[in-house]
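The data block below is input.txt; it holds compact mmCIF, C-alpha atoms.
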```txt
# COMPACT_ATOMS: atom_id res chain seq x y z
CA MET A 19 10.14 -37.04 30.32
CA PRO A 20 9.50 -37.79 34.00
CA VAL A 21 6.20 -39.10 35.30
CA ALA A 22 3.75 -36.20 35.64
CA ALA A 23 3.63 -34.73 39.14
CA ASP A 24 -0.15 -34.47 39.06
CA LEU A 25 -0.69 -38.09 37.93
CA PRO A 26 -2.17 -39.41 41.21
CA GLY A 27 -5.95 -39.07 41.09
CA ARG A 28 -6.08 -39.00 37.30
CA SER A 29 -8.84 -41.17 35.80
CA TYR A 30 -9.58 -42.23 32.27
CA PRO A 31 -12.94 -42.79 30.56
CA ASP A 32 -14.60 -46.21 30.67
CA THR A 33 -13.12 -48.57 28.10
CA GLN A 34 -15.23 -49.83 25.22
CA PRO A 35 -17.29 -52.83 26.40
CA TYR A 36 -15.36 -56.11 26.13
CA LEU A 37 -17.48 -59.19 25.39
CA VAL A 38 -16.01 -62.23 27.12
CA GLY A 39 -16.06 -65.06 24.59
CA ARG A 40 -16.34 -68.73 25.51
CA GLU A 41 -13.44 -69.74 23.29
CA LYS A 42 -11.33 -66.84 24.62
CA VAL A 43 -11.86 -68.09 28.16
CA ARG A 44 -10.86 -71.60 27.09
CA GLU A 45 -7.84 -70.30 25.15
CA PHE A 46 -6.70 -68.22 28.14
CA ALA A 47 -7.29 -71.13 30.54
CA ARG A 48 -5.20 -73.50 28.39
CA ALA A 49 -2.44 -70.86 28.07
CA VAL A 50 -2.08 -70.63 31.86
CA GLY A 51 -2.11 -74.40 32.31
CA SER A 52 -5.62 -74.70 33.73
CA ARG A 53 -7.29 -78.09 33.89
CA ASP A 54 -10.34 -76.75 35.72
CA PRO A 55 -13.53 -78.12 34.12
CA LEU A 56 -15.31 -74.88 35.15
CA SER A 57 -13.10 -73.00 32.68
CA LEU A 58 -12.96 -75.62 29.94
CA ASP A 59 -16.30 -77.48 29.92
CA VAL A 60 -19.59 -75.61 29.45
CA GLU A 61 -21.64 -78.48 30.89
CA ALA A 62 -19.46 -78.64 34.02
CA ALA A 63 -19.81 -74.87 34.48
CA ARG A 64 -23.60 -75.03 34.05
CA ALA A 65 -23.85 -77.96 36.45
CA ALA A 66 -22.07 -75.77 39.02
CA GLY A 67 -24.62 -73.00 38.52
CA PHE A 68 -22.79 -70.71 36.10
CA ALA A 69 -24.25 -69.45 32.82
CA ASP A 70 -21.13 -70.44 30.89
CA VAL A 71 -17.42 -71.23 31.36
CA VAL A 72 -15.69 -69.43 34.26
CA ALA A 73 -12.57 -67.38 33.52
CA PRO A 74 -9.31 -68.09 35.39
CA PRO A 75 -8.50 -65.70 38.30
CA THR A 76 -6.10 -63.57 36.23
CA PHE A 77 -8.36 -63.14 33.17
CA ALA A 78 -9.35 -59.59 34.19
CA VAL A 79 -5.90 -58.50 33.02
CA VAL A 80 -7.39 -58.42 29.51
CA VAL A 81 -9.65 -55.52 30.52
CA GLN A 82 -7.03 -53.96 32.78
CA ASP A 83 -4.61 -53.84 29.82
CA LEU A 84 -7.15 -51.77 27.87
CA THR A 85 -7.07 -49.18 30.66
CA LEU A 86 -3.27 -49.27 30.99
CA SER A 87 -3.10 -48.57 27.25
CA GLN A 88 -4.98 -45.33 27.96
CA LEU A 89 -2.32 -44.35 30.49
CA LEU A 90 0.57 -45.26 28.18
CA ALA A 91 -1.05 -43.36 25.28
CA ASP A 92 -1.47 -40.23 27.41
CA GLU A 93 1.56 -38.15 26.48
CA THR A 94 0.98 -35.80 29.40
CA ALA A 95 1.33 -38.74 31.87
CA GLY A 96 5.01 -39.24 31.12
CA VAL A 97 4.91 -43.04 31.42
CA ASP A 98 7.38 -44.31 28.81
CA PHE A 99 6.37 -47.86 27.83
CA SER A 100 9.94 -48.85 26.87
CA ARG A 101 11.01 -48.19 30.49
CA VAL A 102 8.11 -49.93 32.19
CA VAL A 103 8.45 -53.11 34.26
CA HIS A 104 5.51 -54.79 35.98
CA GLY A 105 6.09 -54.50 39.73
CA ASP A 106 3.08 -56.10 41.34
CA GLN A 107 -0.46 -57.13 40.59
CA ARG A 108 -3.63 -57.91 42.50
CA PHE A 109 -7.15 -58.98 41.62
CA THR A 110 -10.01 -58.73 44.09
CA ALA A 111 -13.17 -60.37 42.76
CA ARG A 112 -16.77 -59.74 43.72
CA ARG A 113 -17.76 -62.62 41.48
CA PRO A 114 -16.02 -64.73 38.83
CA ILE A 115 -15.96 -63.54 35.22
CA VAL A 116 -18.14 -65.79 33.04
CA ALA A 117 -18.30 -66.07 29.24
CA GLY A 118 -21.02 -63.74 27.98
CA ASP A 119 -20.10 -60.94 30.38
CA LEU A 120 -19.85 -57.50 28.82
CA LEU A 121 -17.12 -55.74 30.79
CA THR A 122 -15.87 -52.18 30.99
CA GLY A 123 -12.89 -50.92 32.93
CA ARG A 124 -12.31 -47.58 34.58
CA MET A 125 -8.84 -46.81 35.79
CA THR A 126 -7.61 -44.31 38.34
CA VAL A 127 -3.98 -43.67 39.19
CA THR A 128 -3.88 -44.09 42.96
CA SER A 129 -0.28 -43.27 43.79
CA VAL A 130 3.14 -42.44 42.41
CA LYS A 131 6.17 -43.14 44.59
CA THR A 132 9.76 -42.42 43.74
CA LEU A 133 12.33 -45.00 44.76
CA GLY A 134 15.97 -44.82 43.77
CA GLY A 135 15.32 -42.86 40.58
CA ASN A 136 12.42 -45.10 39.57
CA ALA A 137 8.77 -44.10 39.67
CA MET A 138 6.28 -46.65 40.99
CA VAL A 139 2.91 -45.91 39.42
CA THR A 140 0.01 -47.70 41.10
CA SER A 141 -3.37 -47.76 39.42
CA SER A 142 -6.70 -49.34 40.21
CA THR A 143 -9.05 -50.56 37.49
CA VAL A 144 -12.64 -51.28 38.47
CA VAL A 145 -14.22 -53.77 36.07
CA ARG A 146 -18.02 -53.62 35.81
CA ASP A 147 -20.58 -55.71 33.97
CA ALA A 148 -23.44 -54.62 31.70
CA ASP A 149 -25.65 -54.02 34.77
CA ASP A 150 -22.99 -51.64 36.12
CA GLN A 151 -22.21 -54.08 38.92
CA GLU A 152 -18.62 -54.36 40.07
CA VAL A 153 -17.04 -57.68 39.06
CA VAL A 154 -13.36 -57.34 39.93
CA THR A 155 -10.85 -54.67 40.87
CA ALA A 156 -7.38 -54.98 39.38
CA VAL A 157 -4.55 -53.08 41.07
CA SER A 158 -1.22 -52.86 39.34
CA THR A 159 2.09 -51.18 40.05
CA LEU A 160 4.25 -50.27 37.07
CA VAL A 161 7.89 -49.44 37.72
CA VAL A 162 9.08 -46.74 35.35
CA ARG A 163 12.87 -46.88 35.27
CA GLY A 164 14.68 -43.55 35.60
CA ASP A 165 17.50 -42.32 33.38
CA ALA A 166 20.27 -43.44 35.74
CA MET B 29 -17.69 -77.87 50.95
CA SER B 30 -16.39 -77.99 54.45
CA GLU B 31 -12.86 -79.13 54.97
CA ARG B 32 -10.31 -78.74 57.69
CA LEU B 33 -7.32 -76.71 56.65
CA ALA B 34 -4.48 -76.12 59.07
CA GLN B 35 -1.97 -73.30 58.84
CA GLY B 36 1.24 -74.48 57.21
CA ASP B 37 -0.34 -77.45 55.42
CA VAL B 38 0.76 -77.91 51.82
CA VAL B 39 -2.59 -78.11 50.05
CA ALA B 40 -1.43 -78.25 46.45
CA SER B 41 1.61 -78.13 44.23
CA GLY B 42 2.40 -78.17 40.55
CA ALA B 43 5.10 -77.92 37.91
CA TYR B 44 4.64 -76.06 34.64
CA SER B 45 6.89 -76.19 31.64
CA VAL B 46 7.46 -72.73 30.13
CA ASP B 47 8.81 -72.63 26.59
CA ARG B 48 8.55 -70.14 23.71
CA ASP B 49 5.48 -71.94 22.44
CA ARG B 50 3.69 -71.20 25.70
CA LEU B 51 4.74 -67.54 25.55
CA VAL B 52 3.24 -67.16 22.08
CA ARG B 53 0.04 -68.89 23.15
CA TYR B 54 -0.24 -66.62 26.18
CA ALA B 55 0.42 -63.55 24.03
CA GLY B 56 -2.50 -64.52 21.80
CA ALA B 57 -4.79 -65.46 24.68
CA SER B 58 -4.13 -62.31 26.69
CA GLY B 59 -3.53 -59.78 23.93
CA ASP B 60 -0.12 -58.84 25.39
CA PHE B 61 2.03 -58.71 22.26
CA ASN B 62 5.04 -56.95 23.73
CA PRO B 63 7.82 -58.43 21.51
CA ILE B 64 10.23 -58.85 24.47
CA HIS B 65 8.18 -61.98 25.16
CA TYR B 66 8.91 -63.66 21.82
CA ARG B 67 11.83 -61.90 20.06
CA ASP B 68 15.37 -61.92 21.42
CA ASP B 69 16.40 -58.87 19.37
CA ALA B 70 13.51 -56.84 20.81
CA ALA B 71 14.43 -57.96 24.33
CA ARG B 72 18.11 -57.09 23.83
CA SER B 73 17.25 -53.67 22.40
CA VAL B 74 15.84 -52.68 25.82
CA GLY B 75 18.80 -54.10 27.73
CA LEU B 76 17.45 -57.55 28.59
CA PRO B 77 19.52 -60.72 28.13
CA GLY B 78 16.81 -62.28 25.96
CA VAL B 79 13.15 -63.21 25.85
CA LEU B 80 11.37 -63.18 29.22
CA ALA B 81 8.09 -64.81 30.23
CA HIS B 82 5.19 -62.39 30.72
CA GLY B 83 4.92 -61.64 34.44
CA MET B 84 1.19 -62.20 34.04
CA LEU B 85 1.83 -65.65 32.57
CA THR B 86 3.91 -66.58 35.62
CA MET B 87 1.15 -65.19 37.84
CA GLY B 88 -1.50 -67.10 35.89
CA LEU B 89 0.41 -70.39 36.10
CA ALA B 90 1.31 -70.02 39.77
CA VAL B 91 -2.31 -69.98 40.91
CA GLN B 92 -3.25 -73.16 39.05
CA PRO B 93 -2.54 -75.56 41.92
CA VAL B 94 -5.02 -73.48 43.96
CA VAL B 95 -7.52 -73.55 41.08
CA GLU B 96 -7.21 -77.34 40.81
CA ARG B 97 -7.73 -77.77 44.52
CA PHE B 98 -10.55 -75.27 45.08
CA GLY B 99 -11.92 -74.35 41.61
CA ALA B 100 -11.51 -71.11 39.63
CA ALA B 101 -14.73 -69.63 41.00
CA ARG B 102 -13.60 -69.77 44.64
CA VAL B 103 -10.48 -67.61 44.24
CA LEU B 104 -11.64 -64.29 45.76
CA ASP B 105 -8.36 -62.41 45.79
CA TYR B 106 -4.96 -63.05 44.28
CA GLN B 107 -1.82 -60.92 44.46
CA VAL B 108 1.86 -61.22 43.59
CA ARG B 109 5.03 -59.17 43.37
CA PHE B 110 7.25 -59.77 40.38
CA THR B 111 10.63 -60.17 42.06
CA ARG B 112 12.71 -62.00 39.46
CA PRO B 113 12.34 -62.18 35.68
CA VAL B 114 11.97 -65.60 34.05
CA PRO B 115 14.20 -65.91 30.93
CA VAL B 116 12.95 -68.48 28.42
CA PRO B 117 15.50 -69.97 26.00
CA PRO B 118 14.75 -70.35 22.26
CA GLU B 119 14.95 -74.12 22.56
CA GLY B 120 13.90 -76.28 25.45
CA ALA B 121 11.97 -75.02 28.44
CA VAL B 122 12.27 -73.82 32.00
CA GLU B 123 10.20 -75.38 34.75
CA LEU B 124 8.08 -73.32 37.14
CA HIS B 125 7.54 -75.13 40.45
CA VAL B 126 4.71 -74.03 42.69
CA GLU B 127 3.91 -75.01 46.25
CA ALA B 128 0.73 -73.82 47.94
CA ARG B 129 0.52 -73.68 51.74
CA VAL B 130 -2.23 -72.53 54.05
CA GLY B 131 -1.18 -69.14 55.41
CA ARG B 132 -4.22 -68.38 57.52
CA VAL B 133 -7.74 -69.71 57.99
CA ASP B 134 -10.53 -67.26 58.80
CA GLU B 135 -13.31 -69.50 60.12
CA GLU B 136 -15.71 -66.60 60.58
CA ALA B 137 -15.36 -65.34 57.01
CA GLY B 138 -15.18 -68.88 55.63
CA THR B 139 -11.97 -68.11 53.77
CA ALA B 140 -8.37 -69.23 53.74
CA ARG B 141 -5.26 -67.41 52.60
CA ILE B 142 -3.06 -69.68 50.54
CA ASP B 143 0.60 -68.66 50.27
CA LEU B 144 2.38 -69.63 47.08
CA THR B 145 6.05 -70.29 46.51
CA ALA B 146 6.90 -70.11 42.80
CA SER B 147 10.44 -70.94 41.75
CA VAL B 148 12.56 -71.60 38.68
CA ASP B 149 15.85 -73.46 39.13
CA GLY B 150 15.52 -73.12 42.90
CA SER B 151 15.11 -69.32 42.90
CA THR B 152 11.77 -67.78 43.82
CA VAL B 153 10.35 -65.57 41.08
CA LEU B 154 7.28 -64.16 42.86
CA GLY B 155 7.04 -62.40 46.21
CA LYS B 156 4.03 -62.09 48.50
CA ALA B 157 2.12 -64.48 46.26
CA GLN B 158 -1.16 -64.99 48.10
CA ALA B 159 -4.59 -66.21 47.10
CA VAL B 160 -7.67 -65.96 49.26
CA VAL B 161 -10.17 -68.75 48.63
CA SER B 162 -13.72 -69.26 49.76
CA LEU B 163 -14.26 -72.43 51.78
CA ALA B 164 -18.04 -72.07 51.70
```

Take the structure from the file and write it as structure tokens.
Amino acid sequence: MPVAADLPGRSYPDTQPYLVGREKVREFARAVGSRDPLSLDVEAARAAGFADVVAPPTFAVVVQDLTLSQLLADETAGVDFSRVVHGDQRFTARRPIVAGDLLTGRMTVTSVKTLGGNAMVTSSTVVRDADDQEVVTAVSTLVVRGDA
Amino acid sequence: MSERLAQGDVVASGAYSVDRDRLVRYAGASGDFNPIHYRDDAARSVGLPGVLAHGMLTMGLAVQPVVERFGAARVLDYQVRFTRPVPVPPEGAVELHVEARVGRVDEEAGTARIDLTASVDGSTVLGKAQAVVSLA
């Protein structure tokens, strides 16, 4: 099934709140090779003025993935997971994510472009905290390979 | 922190070993359990030569020289294009090399754009890899 023609502009409901755990931040930081004391050492983070450890710059992907799951689960969207390749990715932060944050994501499909039989689906996920303040926006392009 | 950064300066670099162990750790840390990142048969069933690194792992590793230099909290914006997949063999490891150069300094905004070159075996694997950091 091809990507739905009316996909651009489609939004999905806010994801269930995601509680950022201290050990999850540390686990993620170690997995991406971080040696930053802000991400690994609570005392260092507090000394720098943060409430708890600071997540690495790509950590918001955890919340973005929850929103992309909504898109992939939407049978009317026509985005076949087995044909999807990650094309590009961007994070624009208003502030760093810190352990203890309760985050929700809301995703909107911003554009669909067709290129050589492939569909490039670009979506924007706005991640907000428990005070409804914007924390980071994650923009992702998925390349959905055509039949050819 | 005030520091003088000049366009073109190499401000940081790093090398990261990527093996299957790291892929499994990243899968657990990120929640991305797509089996093409840890099972060769799953990768082959969708036409790939074998297990590939998560693009988001490559992206996460490539910014670490910037994080070490400036701190995780000062990365305001970070973008990449995934231009070449990174196959990871069942044994041994591949090495991701990263070089970070100053692309542009915006004195007024107090920010600098850092351009990243990420390569495996001499081939770049990310395009338009740019981080904007706060110098304030």

For this session: Give the residues of chain A that lie within 10 Å of chain B; count all atoms listed in the file, and format the answer as a ChimeraX atom specification.
Result: /A:41-57,63,66,68,72-81,83-84,100-101,103-116,154-159

Exercise. Which residue, A:Thr140, A:Gly27, A:Tyr36, A:Val161, has the smallest gap to Phe99 in chain A when you use only C-alpha atoms?
Worked result: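 For Phe99 in chain A, the nearest of the given residues is A:Val161.
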
Exercise. What's the 8 Å shell around Arg141 in chain B, counting all atoms listed in the file, without same-chain residues fewer than 2 positions away, as number ranges by chain?
Worked result: B: 130-133, 139, 143, 158-161

Problem set entry | For range 118-123 of chain B: contacts at 9 Å, all atoms listed in the file, fewer than 3 positions along chain excluded, given as a PyMOL selection string | chain B and resi 43-48+66+68+79+114-115+147-149

Problem set entry | Near-Ala137 in chain A list (10 Å; all atoms listed in the file; drop same-chain fewer than 2 positions) as a PyMOL selection string | chain A and resi 20-21+97+102+129-135+139-140+159-164

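You will find CA of Thr152 in chain B at 19.4 Å from CA of Asp37 in chain B.
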
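Rounded to one decimal, CA of Gly138 in chain B and CA of Val153 in chain A lie 20.1 Å from each other.
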
Problem set entry | Residue nearest Gly42 in chain B - candidates B:Leu124, B:Ile142, B:Ser162, B:Ala137, atoms counted: only C-alpha atoms | B:Leu124

Problem set entry | Two-atom distance - CA of Gln88 in chain A, CA of Asp69 in chain B (Å) |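 Separating CA of Gln88 in chain A from CA of Asp69 in chain B is a distance of 26.7 Å.
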
Seminar exercise, completed: Min atom-atom distance to Ala128 in chain B from the set B:Leu163, B:Ala140, B:Leu80, B:Val38, counting only C-alpha atoms, belongs to B:Val38

Exercise. Which residue, B:Val116, B:Val153, B:Ala164, B:Ala70, has the smallest gap to Glu136 in chain B when you use only C-alpha atoms?
Worked result: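 That would be B:Ala164, the residue with the smallest distance to Glu136 in chain B.
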
Find the axis-aligned box for range 122-127 of chain A, covering all its listed atoms and adding 8 Å on each side, and write its centre and edge lengths in Å to one decimal as AutoDock Vina command-line options.
```
--center_x -9.9 --center_y -47.9 --center_z 35.1 --size_x 27.9 --size_y 24.5 --size_z 24.2
```

Would you fill out range 92-103 of chain B with all heavy atoms and return it as a PDB file, keeping the file's coordinate frame?
```pdb
ATOM      1  N   GLN B  92      -2.523 -71.977  39.514  1.00  0.00           N
ATOM      2  CA  GLN B  92      -3.250 -73.160  39.050  1.00  0.00           C
ATOM      3  C   GLN B  92      -3.360 -74.298  40.066  1.00  0.00           C
ATOM      4  O   GLN B  92      -4.391 -74.975  40.117  1.00  0.00           O
ATOM      5  CB  GLN B  92      -2.683 -73.655  37.712  1.00  0.00           C
ATOM      6  CG  GLN B  92      -3.001 -72.718  36.543  1.00  0.00           C
ATOM      7  CD  GLN B  92      -4.469 -72.352  36.449  1.00  0.00           C
ATOM      8  OE1 GLN B  92      -5.341 -73.205  36.624  1.00  0.00           O
ATOM      9  NE2 GLN B  92      -4.763 -71.090  36.185  1.00  0.00           N
ATOM     10  N   PRO B  93      -2.342 -74.532  40.891  1.00  0.00           N
ATOM     11  CA  PRO B  93      -2.540 -75.560  41.920  1.00  0.00           C
ATOM     12  C   PRO B  93      -3.719 -75.224  42.843  1.00  0.00           C
ATOM     13  O   PRO B  93      -4.459 -76.120  43.272  1.00  0.00           O
ATOM     14  CB  PRO B  93      -1.209 -75.560  42.691  1.00  0.00           C
ATOM     15  CG  PRO B  93      -0.217 -75.068  41.698  1.00  0.00           C
ATOM     16  CD  PRO B  93      -0.955 -74.043  40.879  1.00  0.00           C
ATOM     17  N   VAL B  94      -3.898 -73.930  43.117  1.00  0.00           N
ATOM     18  CA  VAL B  94      -5.020 -73.480  43.960  1.00  0.00           C
ATOM     19  C   VAL B  94      -6.338 -73.690  43.207  1.00  0.00           C
ATOM     20  O   VAL B  94      -7.340 -74.137  43.778  1.00  0.00           O
ATOM     21  CB  VAL B  94      -4.842 -71.996  44.352  1.00  0.00           C
ATOM     22  CG1 VAL B  94      -6.028 -71.495  45.159  1.00  0.00           C
ATOM     23  CG2 VAL B  94      -3.539 -71.812  45.125  1.00  0.00           C
ATOM     24  N   VAL B  95      -6.317 -73.368  41.910  1.00  0.00           N
ATOM     25  CA  VAL B  95      -7.520 -73.550  41.080  1.00  0.00           C
ATOM     26  C   VAL B  95      -7.897 -75.032  41.018  1.00  0.00           C
ATOM     27  O   VAL B  95      -9.072 -75.391  41.136  1.00  0.00           O
ATOM     28  CB  VAL B  95      -7.281 -72.971  39.663  1.00  0.00           C
ATOM     29  CG1 VAL B  95      -8.385 -73.408  38.700  1.00  0.00           C
ATOM     30  CG2 VAL B  95      -7.190 -71.449  39.729  1.00  0.00           C
ATOM     31  N   GLU B  96      -6.902 -75.897  40.866  1.00  0.00           N
ATOM     32  CA  GLU B  96      -7.210 -77.340  40.810  1.00  0.00           C
ATOM     33  C   GLU B  96      -7.784 -77.845  42.117  1.00  0.00           C
ATOM     34  O   GLU B  96      -8.664 -78.698  42.129  1.00  0.00           O
ATOM     35  CB  GLU B  96      -5.948 -78.132  40.449  1.00  0.00           C
ATOM     36  CG  GLU B  96      -5.674 -78.110  38.960  1.00  0.00           C
ATOM     37  CD  GLU B  96      -4.655 -79.153  38.516  1.00  0.00           C
ATOM     38  OE1 GLU B  96      -4.663 -80.276  39.085  1.00  0.00           O
ATOM     39  OE2 GLU B  96      -3.858 -78.828  37.633  1.00  0.00           O
ATOM     40  N   ARG B  97      -7.288 -77.301  43.207  1.00  0.00           N
ATOM     41  CA  ARG B  97      -7.730 -77.770  44.520  1.00  0.00           C
ATOM     42  C   ARG B  97      -9.107 -77.226  44.873  1.00  0.00           C
ATOM     43  O   ARG B  97      -9.959 -77.938  45.410  1.00  0.00           O
ATOM     44  CB  ARG B  97      -6.704 -77.346  45.575  1.00  0.00           C
ATOM     45  CG  ARG B  97      -7.030 -77.681  46.991  1.00  0.00           C
ATOM     46  CD  ARG B  97      -6.845 -79.184  47.264  1.00  0.00           C
ATOM     47  NE  ARG B  97      -6.544 -79.451  48.659  1.00  0.00           N
ATOM     48  CZ  ARG B  97      -7.431 -79.380  49.649  1.00  0.00           C
ATOM     49  NH1 ARG B  97      -8.662 -79.036  49.392  1.00  0.00           N
ATOM     50  NH2 ARG B  97      -7.064 -79.651  50.886  1.00  0.00           N
ATOM     51  N   PHE B  98      -9.333 -75.925  44.595  1.00  0.00           N
ATOM     52  CA  PHE B  98     -10.550 -75.270  45.080  1.00  0.00           C
ATOM     53  C   PHE B  98     -11.532 -74.875  43.962  1.00  0.00           C
ATOM     54  O   PHE B  98     -12.681 -74.597  44.241  1.00  0.00           O
ATOM     55  CB  PHE B  98     -10.202 -74.009  45.888  1.00  0.00           C
ATOM     56  CG  PHE B  98      -9.370 -74.292  47.115  1.00  0.00           C
ATOM     57  CD1 PHE B  98      -7.989 -74.196  47.080  1.00  0.00           C
ATOM     58  CD2 PHE B  98      -9.969 -74.678  48.310  1.00  0.00           C
ATOM     59  CE1 PHE B  98      -7.210 -74.467  48.203  1.00  0.00           C
ATOM     60  CE2 PHE B  98      -9.210 -74.950  49.439  1.00  0.00           C
ATOM     61  CZ  PHE B  98      -7.823 -74.854  49.391  1.00  0.00           C
ATOM     62  N   GLY B  99     -11.064 -74.794  42.711  1.00  0.00           N
ATOM     63  CA  GLY B  99     -11.920 -74.350  41.610  1.00  0.00           C
ATOM     64  C   GLY B  99     -11.734 -72.870  41.331  1.00  0.00           C
ATOM     65  O   GLY B  99     -11.565 -72.069  42.254  1.00  0.00           O
ATOM     66  N   ALA B 100     -11.775 -72.498  40.047  1.00  0.00           N
ATOM     67  CA  ALA B 100     -11.510 -71.110  39.630  1.00  0.00           C
ATOM     68  C   ALA B 100     -12.474 -70.126  40.292  1.00  0.00           C
ATOM     69  O   ALA B 100     -12.103 -69.004  40.612  1.00  0.00           O
ATOM     70  CB  ALA B 100     -11.599 -70.990  38.106  1.00  0.00           C
ATOM     71  N   ALA B 101     -13.710 -70.553  40.513  1.00  0.00           N
ATOM     72  CA  ALA B 101     -14.730 -69.630  41.000  1.00  0.00           C
ATOM     73  C   ALA B 101     -14.561 -69.281  42.480  1.00  0.00           C
ATOM     74  O   ALA B 101     -15.208 -68.368  42.975  1.00  0.00           O
ATOM     75  CB  ALA B 101     -16.123 -70.218  40.756  1.00  0.00           C
ATOM     76  N   ARG B 102     -13.726 -70.020  43.199  1.00  0.00           N
ATOM     77  CA  ARG B 102     -13.600 -69.770  44.640  1.00  0.00           C
ATOM     78  C   ARG B 102     -12.353 -68.949  44.988  1.00  0.00           C
ATOM     79  O   ARG B 102     -12.064 -68.735  46.172  1.00  0.00           O
ATOM     80  CB  ARG B 102     -13.612 -71.089  45.396  1.00  0.00           C
ATOM     81  CG  ARG B 102     -15.033 -71.685  45.361  1.00  0.00           C
ATOM     82  CD  ARG B 102     -15.038 -73.132  45.726  1.00  0.00           C
ATOM     83  NE  ARG B 102     -14.902 -73.324  47.143  1.00  0.00           N
ATOM     84  CZ  ARG B 102     -14.424 -74.446  47.695  1.00  0.00           C
ATOM     85  NH1 ARG B 102     -14.008 -75.420  46.930  1.00  0.00           N
ATOM     86  NH2 ARG B 102     -14.353 -74.553  48.990  1.00  0.00           N
ATOM     87  N   VAL B 103     -11.621 -68.489  43.985  1.00  0.00           N
ATOM     88  CA  VAL B 103     -10.480 -67.610  44.240  1.00  0.00           C
ATOM     89  C   VAL B 103     -11.014 -66.177  44.332  1.00  0.00           C
ATOM     90  O   VAL B 103     -11.434 -65.595  43.329  1.00  0.00           O
ATOM     91  CB  VAL B 103      -9.398 -67.737  43.150  1.00  0.00           C
ATOM     92  CG1 VAL B 103      -8.238 -66.787  43.431  1.00  0.00           C
ATOM     93  CG2 VAL B 103      -8.904 -69.181  43.067  1.00  0.00           C
TER      94      VAL B 103
END
```
